[in-house]
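K.L.:
See start.cif below, with mmCIF, C-alpha atoms.
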data_work
loop_
_atom_site.group_PDB
_atom_site.id
_atom_site.type_symbol
_atom_site.label_atom_id
_atom_site.label_comp_id
_atom_site.auth_asym_id
_atom_site.auth_seq_id
_atom_site.Cartn_x
_atom_site.Cartn_y
_atom_site.Cartn_z
ATOM 1 C CA MET A 1 -0.864 -25.702 56.199
ATOM 2 C CA THR A 2 -4.617 -25.527 55.596
ATOM 3 C CA ASP A 3 -6.981 -22.789 54.482
ATOM 4 C CA GLY A 4 -7.341 -19.777 56.746
ATOM 5 C CA ASP A 5 -5.388 -16.697 57.651
ATOM 6 C CA LEU A 6 -1.876 -16.739 56.291
ATOM 7 C CA ALA A 7 0.761 -17.093 59.003
ATOM 8 C CA PRO A 8 3.874 -14.874 59.020
ATOM 9 C CA GLY A 9 6.729 -16.213 56.925
ATOM 10 C CA LEU A 10 8.374 -16.472 53.537
ATOM 11 C CA TYR A 11 6.325 -18.217 50.850
ATOM 12 C CA LEU A 12 8.069 -19.578 47.753
ATOM 13 C CA VAL A 13 5.250 -19.696 45.234
ATOM 14 C CA GLY A 14 5.387 -21.699 42.021
ATOM 15 C CA THR A 15 3.778 -19.940 39.060
ATOM 16 C CA PRO A 16 2.879 -21.147 35.542
ATOM 17 C CA ILE A 17 5.704 -21.718 33.067
ATOM 18 C CA GLY A 18 3.429 -20.774 30.189
ATOM 19 C CA ASN A 19 -0.204 -21.783 30.509
ATOM 20 C CA LEU A 20 -1.927 -19.532 33.056
ATOM 21 C CA GLU A 21 -4.274 -22.384 33.997
ATOM 22 C CA ASP A 22 -1.356 -24.145 35.720
ATOM 23 C CA MET A 23 -1.911 -22.149 38.915
ATOM 24 C CA THR A 24 -2.924 -23.953 42.091
ATOM 25 C CA LEU A 25 -5.759 -22.809 44.329
ATOM 26 C CA ARG A 26 -3.316 -22.643 47.214
ATOM 27 C CA ALA A 27 -0.940 -20.402 45.268
ATOM 28 C CA ILE A 28 -3.786 -18.019 44.459
ATOM 29 C CA ARG A 29 -4.840 -17.856 48.114
ATOM 30 C CA VAL A 30 -1.293 -17.220 49.321
ATOM 31 C CA LEU A 31 -0.730 -14.425 46.825
ATOM 32 C CA LYS A 32 -4.038 -12.810 47.807
ATOM 33 C CA GLN A 33 -3.321 -12.953 51.540
ATOM 34 C CA ALA A 34 0.376 -12.003 51.469
ATOM 35 C CA ASP A 35 1.420 -8.543 52.613
ATOM 36 C CA LEU A 36 3.865 -8.226 49.733
ATOM 37 C CA ILE A 37 4.867 -10.142 46.602
ATOM 38 C CA ALA A 38 8.541 -10.014 45.605
ATOM 39 C CA CYS A 39 8.737 -10.456 41.820
ATOM 40 C CA GLU A 40 11.517 -11.122 39.366
ATOM 41 C CA ASP A 41 9.710 -8.779 36.948
ATOM 42 C CA THR A 42 6.744 -6.849 38.343
ATOM 43 C CA ARG A 43 5.330 -6.262 34.847
ATOM 44 C CA GLN A 44 5.347 -9.964 34.047
ATOM 45 C CA THR A 45 3.814 -10.909 37.396
ATOM 46 C CA LEU A 46 1.138 -8.241 37.023
ATOM 47 C CA LYS A 47 -0.303 -10.152 34.052
ATOM 48 C CA LEU A 48 -0.758 -13.200 36.282
ATOM 49 C CA LEU A 49 -2.149 -11.211 39.201
ATOM 50 C CA ASN A 50 -4.659 -9.406 36.987
ATOM 51 C CA HIS A 51 -5.775 -12.721 35.509
ATOM 52 C CA TYR A 52 -6.689 -13.990 38.983
ATOM 53 C CA GLY A 53 -7.916 -10.719 40.457
ATOM 54 C CA ILE A 54 -5.036 -10.381 42.945
ATOM 55 C CA ASP A 55 -4.244 -6.843 44.079
ATOM 56 C CA THR A 56 -1.465 -7.489 46.597
ATOM 57 C CA ARG A 57 1.370 -4.954 46.509
ATOM 58 C CA THR A 58 4.448 -6.002 44.550
ATOM 59 C CA ILE A 59 8.155 -5.175 44.735
ATOM 60 C CA SER A 60 11.004 -6.063 42.394
ATOM 61 C CA TYR A 61 13.436 -8.805 43.408
ATOM 62 C CA HIS A 62 15.829 -9.834 40.640
ATOM 63 C CA GLU A 63 19.472 -10.738 40.039
ATOM 64 C CA HIS A 64 20.600 -7.100 39.878
ATOM 65 C CA ASN A 65 19.120 -5.973 43.210
ATOM 66 C CA GLU A 66 18.990 -9.331 44.995
ATOM 67 C CA ALA A 67 21.679 -8.615 47.599
ATOM 68 C CA ALA A 68 20.244 -5.323 48.863
ATOM 69 C CA ARG A 69 16.591 -6.294 48.444
ATOM 70 C CA ALA A 70 17.027 -9.609 50.290
ATOM 71 C CA ALA A 71 18.412 -7.797 53.337
ATOM 72 C CA GLU A 72 15.492 -5.368 53.233
ATOM 73 C CA LEU A 73 12.853 -8.074 52.892
ATOM 74 C CA VAL A 74 14.265 -10.281 55.632
ATOM 75 C CA GLU A 75 13.895 -7.381 58.083
ATOM 76 C CA HIS A 76 10.188 -7.209 57.266
ATOM 77 C CA LEU A 77 9.977 -10.985 57.692
ATOM 78 C CA ALA A 78 11.705 -10.805 61.053
ATOM 79 C CA HIS A 79 8.953 -8.457 62.219
ATOM 80 C CA GLY A 80 6.132 -10.785 61.216
ATOM 81 C CA ALA A 81 5.496 -9.955 57.580
ATOM 82 C CA ARG A 82 4.004 -12.424 55.135
ATOM 83 C CA ILE A 83 6.010 -12.221 51.922
ATOM 84 C CA ALA A 84 5.531 -14.295 48.781
ATOM 85 C CA VAL A 85 8.331 -14.734 46.254
ATOM 86 C CA VAL A 86 7.578 -15.447 42.614
ATOM 87 C CA THR A 87 9.667 -15.558 39.451
ATOM 88 C CA ASP A 88 8.576 -14.988 35.891
ATOM 89 C CA ALA A 89 7.864 -18.704 35.572
ATOM 90 C CA GLY A 90 8.249 -21.829 37.669
ATOM 91 C CA MET A 91 9.652 -22.258 41.152
ATOM 92 C CA PRO A 92 11.739 -19.506 42.794
ATOM 93 C CA GLY A 93 15.404 -20.397 43.107
ATOM 94 C CA ILE A 94 15.467 -22.875 40.189
ATOM 95 C CA SER A 95 17.860 -20.976 37.890
ATOM 96 C CA ASP A 96 16.073 -17.837 39.079
ATOM 97 C CA PRO A 97 16.385 -15.411 42.030
ATOM 98 C CA GLY A 98 15.262 -16.563 45.465
ATOM 99 C CA PHE A 99 18.115 -18.428 47.099
ATOM 100 C CA ARG A 100 19.732 -15.425 48.828
ATOM 101 C CA LEU A 101 16.489 -14.387 50.512
ATOM 102 C CA LEU A 102 15.720 -17.993 51.418
ATOM 103 C CA SER A 103 19.124 -18.386 53.080
ATOM 104 C CA LEU A 104 18.777 -15.169 55.071
ATOM 105 C CA ALA A 105 15.281 -16.111 56.208
ATOM 106 C CA ILE A 106 16.483 -19.477 57.464
ATOM 107 C CA GLU A 107 19.399 -17.816 59.293
ATOM 108 C CA ARG A 108 16.957 -15.462 61.036
ATOM 109 C CA GLY A 109 14.603 -18.279 62.010
ATOM 110 C CA VAL A 110 11.817 -17.126 59.689
ATOM 111 C CA PRO A 111 9.381 -19.884 58.630
ATOM 112 C CA VAL A 112 9.868 -20.821 54.953
ATOM 113 C CA VAL A 113 6.915 -22.408 53.167
ATOM 114 C CA PRO A 114 7.128 -23.895 49.653
ATOM 115 C CA ILE A 115 3.974 -23.588 47.564
ATOM 116 C CA PRO A 116 4.462 -26.259 44.867
ATOM 117 C CA GLY A 117 4.029 -25.388 41.239
ATOM 118 C CA PRO A 118 5.329 -26.140 37.758
ATOM 119 C CA ALA A 119 9.023 -26.554 36.973
ATOM 120 C CA ALA A 120 10.082 -26.707 33.334
ATOM 121 C CA PHE A 121 12.748 -29.361 33.821
ATOM 122 C CA VAL A 122 10.304 -31.731 35.548
ATOM 123 C CA SER A 123 7.687 -31.266 32.829
ATOM 124 C CA ALA A 124 10.297 -31.908 30.151
ATOM 125 C CA LEU A 125 11.645 -34.988 31.903
ATOM 126 C CA VAL A 126 8.325 -36.786 32.323
ATOM 127 C CA ALA A 127 7.460 -36.329 28.625
ATOM 128 C CA SER A 128 10.951 -36.902 27.250
ATOM 129 C CA GLY A 129 10.903 -40.672 26.993
ATOM 130 C CA LEU A 130 14.303 -40.802 28.696
ATOM 131 C CA PRO A 131 14.904 -42.780 31.924
ATOM 132 C CA MET A 132 13.472 -41.050 34.990
ATOM 133 C CA GLU A 133 14.609 -43.272 37.855
ATOM 134 C CA SER A 134 17.855 -41.286 38.132
ATOM 135 C CA PHE A 135 18.452 -37.795 36.784
ATOM 136 C CA SER A 136 20.369 -34.604 37.451
ATOM 137 C CA PHE A 137 19.249 -31.029 36.797
ATOM 138 C CA ARG A 138 22.271 -28.828 36.097
ATOM 139 C CA GLY A 139 20.794 -25.437 35.227
ATOM 140 C CA PHE A 140 22.397 -23.612 32.299
ATOM 141 C CA LEU A 141 25.507 -24.784 30.487
ATOM 142 C CA SER A 142 28.330 -22.294 30.069
ATOM 143 C CA PRO A 143 27.679 -19.815 27.229
ATOM 144 C CA LYS A 144 31.239 -20.320 25.924
ATOM 145 C CA SER A 145 31.944 -23.364 23.779
ATOM 146 C CA GLY A 146 35.260 -24.336 25.396
ATOM 147 C CA ALA A 147 33.852 -24.344 28.916
ATOM 148 C CA ARG A 148 30.628 -25.953 27.720
ATOM 149 C CA ARG A 149 32.519 -28.844 26.140
ATOM 150 C CA ARG A 150 34.496 -29.387 29.309
ATOM 151 C CA GLU A 151 31.224 -29.589 31.256
ATOM 152 C CA LEU A 152 29.788 -32.047 28.748
ATOM 153 C CA GLU A 153 32.931 -34.182 28.817
ATOM 154 C CA GLN A 154 32.173 -34.879 32.474
ATOM 155 C CA LEU A 155 28.949 -36.570 31.353
ATOM 156 C CA ARG A 156 30.554 -38.990 28.889
ATOM 157 C CA ASN A 157 29.961 -41.991 31.149
ATOM 158 C CA SER A 158 26.909 -40.673 33.000
ATOM 159 C CA ALA A 159 24.450 -43.405 33.958
ATOM 160 C CA GLN A 160 21.570 -40.976 34.444
ATOM 161 C CA THR A 161 19.515 -38.496 32.440
ATOM 162 C CA GLU A 162 21.137 -35.057 32.476
ATOM 163 C CA ILE A 163 18.928 -31.963 32.201
ATOM 164 C CA PHE A 164 19.842 -28.408 31.232
ATOM 165 C CA TYR A 165 18.090 -25.149 30.492
ATOM 166 C CA GLU A 166 19.246 -23.474 27.294
ATOM 167 C CA ALA A 167 18.606 -20.191 25.509
ATOM 168 C CA PRO A 168 17.207 -20.345 21.950
ATOM 169 C CA HIS A 169 20.154 -18.437 20.472
ATOM 170 C CA ARG A 170 22.602 -20.991 21.938
ATOM 171 C CA ILE A 171 20.722 -24.260 21.424
ATOM 172 C CA LEU A 172 22.365 -25.103 18.066
ATOM 173 C CA ALA A 173 25.879 -24.487 19.421
ATOM 174 C CA ALA A 174 25.067 -26.524 22.533
ATOM 175 C CA LEU A 175 23.849 -29.451 20.419
ATOM 176 C CA GLU A 176 26.970 -29.196 18.266
ATOM 177 C CA ASP A 177 29.065 -29.512 21.409
ATOM 178 C CA VAL A 178 27.015 -32.516 22.551
ATOM 179 C CA LEU A 179 27.796 -34.135 19.196
ATOM 180 C CA ALA A 180 31.501 -33.398 19.483
ATOM 181 C CA THR A 181 31.890 -34.559 23.086
ATOM 182 C CA LEU A 182 29.331 -37.342 23.530
ATOM 183 C CA GLY A 183 28.992 -38.624 19.985
ATOM 184 C CA PRO A 184 26.194 -38.671 17.385
ATOM 185 C CA GLY A 185 24.380 -41.644 18.885
ATOM 186 C CA ARG A 186 23.670 -40.262 22.368
ATOM 187 C CA ARG A 187 19.932 -39.868 22.951
ATOM 188 C CA VAL A 188 18.860 -36.239 23.203
ATOM 189 C CA VAL A 189 15.540 -34.484 23.715
ATOM 190 C CA VAL A 190 14.840 -30.778 23.375
ATOM 191 C CA GLY A 191 11.577 -29.490 24.852
ATOM 192 C CA ARG A 192 10.460 -26.005 23.888
ATOM 193 C CA GLU A 193 7.522 -23.725 24.667
ATOM 194 C CA LEU A 194 6.366 -26.126 27.388
ATOM 195 C CA THR A 195 2.665 -25.840 28.307
ATOM 196 C CA LYS A 196 2.163 -23.213 25.590
ATOM 197 C CA ILE A 197 0.275 -23.471 22.275
ATOM 198 C CA HIS A 198 3.401 -24.370 20.310
ATOM 199 C CA GLU A 199 4.779 -26.884 22.814
ATOM 200 C CA GLU A 200 7.144 -29.285 21.078
ATOM 201 C CA PHE A 201 9.520 -32.144 21.843
ATOM 202 C CA LEU A 202 12.389 -32.973 19.501
ATOM 203 C CA ARG A 203 13.545 -36.521 20.236
ATOM 204 C CA GLY A 204 16.260 -38.654 18.694
ATOM 205 C CA THR A 205 20.008 -39.100 18.577
ATOM 206 C CA ALA A 206 22.264 -36.111 19.065
ATOM 207 C CA ALA A 207 22.913 -36.066 15.309
ATOM 208 C CA GLN A 208 19.198 -36.207 14.456
ATOM 209 C CA VAL A 209 18.152 -33.470 16.868
ATOM 210 C CA PHE A 210 21.075 -31.283 15.787
ATOM 211 C CA ASP A 211 20.058 -31.628 12.130
ATOM 212 C CA THR A 212 16.426 -30.832 12.956
ATOM 213 C CA VAL A 213 17.330 -27.654 14.832
ATOM 214 C CA LYS A 214 19.890 -26.632 12.203
ATOM 215 C CA ASN A 215 17.376 -27.007 9.389
ATOM 216 C CA ARG A 216 14.802 -24.922 11.275
ATOM 217 C CA GLY A 217 16.905 -21.779 11.068
ATOM 218 C CA GLU A 218 15.687 -19.420 13.794
ATOM 219 C CA ILE A 219 14.119 -21.274 16.677
ATOM 220 C CA LYS A 220 12.287 -19.524 19.494
ATOM 221 C CA GLY A 221 11.068 -20.229 22.997
ATOM 222 C CA GLU A 222 12.611 -21.208 26.307
ATOM 223 C CA MET A 223 14.158 -24.646 26.069
ATOM 224 C CA VAL A 224 15.069 -27.688 28.113
ATOM 225 C CA MET A 225 17.779 -29.979 26.749
ATOM 226 C CA LEU A 226 17.917 -33.531 28.091
ATOM 227 C CA ILE A 227 20.757 -35.979 27.483
ATOM 228 C CA GLY A 228 20.155 -39.671 27.956
ATOM 229 C CA PRO A 229 22.446 -42.015 29.904
ATOM 230 C CA ALA A 230 25.516 -43.453 28.214
ATOM 231 C CA THR A 231 25.064 -46.935 26.811
ATOM 232 C CA GLU A 232 27.427 -49.713 27.828
ATOM 233 C CA GLN A 233 29.046 -49.482 24.400
ATOM 234 C CA GLU A 234 29.603 -45.727 24.784
ATOM 235 C CA THR A 235 31.016 -46.189 28.271
ATOM 236 C CA GLN A 236 33.575 -48.693 27.059
ATOM 237 C CA ALA A 237 34.514 -46.808 23.911
ATOM 238 C CA PRO A 238 37.845 -44.973 24.070
ATOM 239 C CA VAL A 239 37.673 -41.182 23.963
ATOM 240 C CA VAL A 240 39.119 -39.984 20.652
ATOM 241 C CA SER A 241 39.224 -36.276 19.884
ATOM 242 C CA VAL A 242 38.647 -34.889 16.403
ATOM 243 C CA ARG A 243 42.309 -33.977 16.176
ATOM 244 C CA ASP A 244 43.484 -37.440 17.182
ATOM 245 C CA ARG A 245 41.079 -39.140 14.775
ATOM 246 C CA VAL A 246 42.023 -36.929 11.819
ATOM 247 C CA GLU A 247 45.719 -37.461 12.482
ATOM 248 C CA GLN A 248 45.087 -41.209 12.813
ATOM 249 C CA LEU A 249 43.300 -41.321 9.449
ATOM 250 C CA MET A 250 46.056 -39.332 7.768
ATOM 251 C CA ARG A 251 48.706 -41.598 9.252
ATOM 252 C CA GLU A 252 47.107 -45.030 8.943
ATOM 253 C CA GLU A 253 45.014 -44.620 5.792
ATOM 254 C CA LYS A 254 47.353 -42.196 4.039
ATOM 255 C CA LEU A 255 44.561 -39.657 3.543
ATOM 256 C CA ASP A 256 45.182 -35.991 2.937
ATOM 257 C CA GLU A 257 43.776 -33.509 5.457
ATOM 258 C CA LYS A 258 40.639 -32.772 3.425
ATOM 259 C CA SER A 259 39.746 -36.442 3.003
ATOM 260 C CA ALA A 260 40.495 -37.222 6.654
ATOM 261 C CA LEU A 261 38.240 -34.383 7.810
ATOM 262 C CA LYS A 262 35.462 -35.607 5.522
ATOM 263 C CA LYS A 263 35.694 -39.170 6.843
ATOM 264 C CA ALA A 264 35.855 -38.025 10.495
ATOM 265 C CA ALA A 265 32.737 -35.921 9.939
ATOM 266 C CA LYS A 266 30.874 -38.889 8.463
ATOM 267 C CA GLU A 267 31.885 -41.124 11.371
ATOM 268 C CA ARG A 268 30.579 -38.604 13.919
ATOM 269 C CA GLY A 269 27.401 -37.755 12.064
ATOM 270 C CA ILE A 270 28.230 -34.057 11.806
ATOM 271 C CA SER A 271 29.147 -31.708 8.973
ATOM 272 C CA LYS A 272 32.636 -31.336 7.594
ATOM 273 C CA SER A 273 32.644 -27.632 8.536
ATOM 274 C CA GLU A 274 31.995 -28.526 12.193
ATOM 275 C CA VAL A 275 34.854 -31.049 12.177
ATOM 276 C CA TYR A 276 37.039 -28.470 10.432
ATOM 277 C CA ARG A 277 36.360 -25.890 13.149
ATOM 278 C CA GLU A 278 37.115 -28.399 15.887
ATOM 279 C CA TRP A 279 40.282 -29.525 14.078
ATOM 280 C CA HIS A 280 41.647 -25.989 13.904
ATOM 281 C CA ARG A 281 40.451 -25.091 17.408
ATOM 282 C CA SER A 282 42.532 -27.947 18.802
ATOM 283 C CA LYS A 283 45.736 -26.993 16.983
#
For the file at hand, write its structure as structure tokens.

P.N.:
Amino acid sequence: MTDGDLAPGLYLVGTPIGNLEDMTLRAIRVLKQADLIACEDTRQTLKLLNHYGIDTRTISYHEHNEAARAAELVEHLAHGARIAVVTDAGMPGISDPGFRLLSLAIERGVPVVPIPGPAAFVSALVASGLPMESFSFRGFLSPKSGARRRELEQLRNSAQTEIFYEAPHRILAALEDVLATLGPGRRVVVGRELTKIHEEFLRGTAAQVFDTVKNRGEIKGEMVMLIGPATEQETQAPVVSVRDRVEQLMREEKLDEKSALKKAAKERGISKSEVYREWHRSK
């Protein structure tokens, strides 16, 4: 599509993930010419619209009203409306609202036009230093440790870079689970505050990145966690749980529980308290 009057249809518009300068000329034009902008948070989007002098009418479209609002918007689209969808940051539908409306629009034969823009996981990947020829974006890990560890276990022999979004209040627990399931030597990168003033990449082994985050105390900002591919050595290594290893040490080396826990922690590059929690969780 070239410059000119905006044709009827649904426009999925990528918006900055932090730095307001990361807005394309095409995105600005589409937002100016649209009849309506559906926003994840109208207050957040208003900051962007004011910055670029856009006065198009807005309407809320978020996870709590998505079902009803999508049906309403698709009726407008079916009658020739030009509607743009934006989220608070990045591309609509990438771990954000947008998919339900997109699906309905396609079902009704409404033209759907992507307006490319930033995506946090792509920005994190290209600067991570991890392999990029094959990768998988998996959204958010489960907020519960048990389910999260089961998800991570599936990646033990992954031959590609695995990418997740993570909340700041869960990043330490997520890294602890990476340590427990994938081992201290797996390459990990955490990208935070991407494109903003305090943008930062924490790179290293799982043990190193975990220690860095742990020693920081409170850590803020939206985050992307990337896990590197398994090495050949990791792929061939037998899977030994904390419980099995502690019991093995107690049996074969005649260690008491305390000493076995201490040695298992040292082997895995994590603290004794973390091994202790895992030991009792598995009983």

K.L.:
Pick the closest to Val178 of chain A from A:Glu218, A:Met225, A:Pro97, A:Glu133: which is it, counting only C-alpha atoms?

P.N.:
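Going through A:Glu218, A:Met225, A:Pro97, A:Glu133 one by one, the smallest distance to Val178 of chain A is for A:Met225.
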
K.L.:
Calculated over all atoms listed in the file, which of the candidates A:Arg203, A:Arg82, A:His280, A:Arg150 has the smallest distance to Val224 of chain A?

P.N.:
A:Arg203

K.L.:
Report as a list in words the full result of the PyMOL selection byres ((chain A and resi 149) around 12) when it is applied to this structure.

P.N.:
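On the file shown, the PyMOL selection byres ((chain A and resi 149) around 12) covers Leu141, Ser142, Pro143, Lys144, Ser145, Gly146, Ala147, Arg148, Arg150, Glu151, Leu152, Glu153, Gln154, Leu155, Arg156, Ala173, Ala174, Leu175, Glu176, Asp177, Val178, Leu179, Ala180, Thr181, Leu182, Ser241 and Glu278 of chain A.
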
K.L.:
Which distance in Å separates atom CA of Leu10 of chain A and atom CA of Leu77 of chain A, to one decimal?

P.N.:
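Calculated distance between atom CA of Leu10 of chain A and atom CA of Leu77 of chain A is 7.1 Å.
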
K.L.:
Give as a PyMOL selection string the residues that the PyMOL selection byres ((chain A and resi 23-25) around 12) matches when applied to the coordinates above.

P.N.:
chain A and resi 2-3+13-22+26-32+48-49+51-52+89-91+115-119

K.L.:
Name all residues at most 12 Å from Phe99 of chain A (count all atoms listed in the file; drop same-chain ones fewer than 6 positions away) and give them as a list in words.

P.N.:
Leu10, Leu12, Tyr61, His62, Glu63, Glu66, Ala67, Ala70, Val85, Val86, Thr87, Met91, Pro92, Gly93, Ala105, Ile106 and Val112 of chain A

K.L.:
Between A:Pro184, A:Pro229, A:Pro168, A:Gly109, which one has atoms that come closest to Gly204 of chain A, using only C-alpha atoms?

P.N.:
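Looking only at the distances to Gly204 of chain A, the closest residue turns out to be A:Pro184.
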
K.L.:
Please expand the PyMOL selection byres ((chain A and resi 258) around 12) into the concrete residues it hits in this file, giving the result as a list in words.

P.N.:
Val246, Glu247, Leu249, Met250, Lys254, Leu255, Asp256, Glu257, Ser259, Ala260, Leu261, Lys262, Lys263, Ala264, Ala265, Lys272, Ser273, Val275, Tyr276 and Trp279 of chain A

K.L.:
Name the closest residue to Met132 of chain A among the candidates A:Val209, A:Ser103, A:Arg277, A:Ile163; distances are taken between atoms, counting all atoms listed in the file.

P.N.:
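Looking only at the distances to Met132 of chain A, the closest residue turns out to be A:Ile163.
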
K.L.:
Ranking A:Arg108, A:Phe140, A:Arg57, A:Ser134 by minimum distance to Thr161 of chain A and counting all atoms listed in the file, which one comes first?

P.N.:
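Using all atoms listed in the file, Thr161 of chain A sits closest to A:Ser134.
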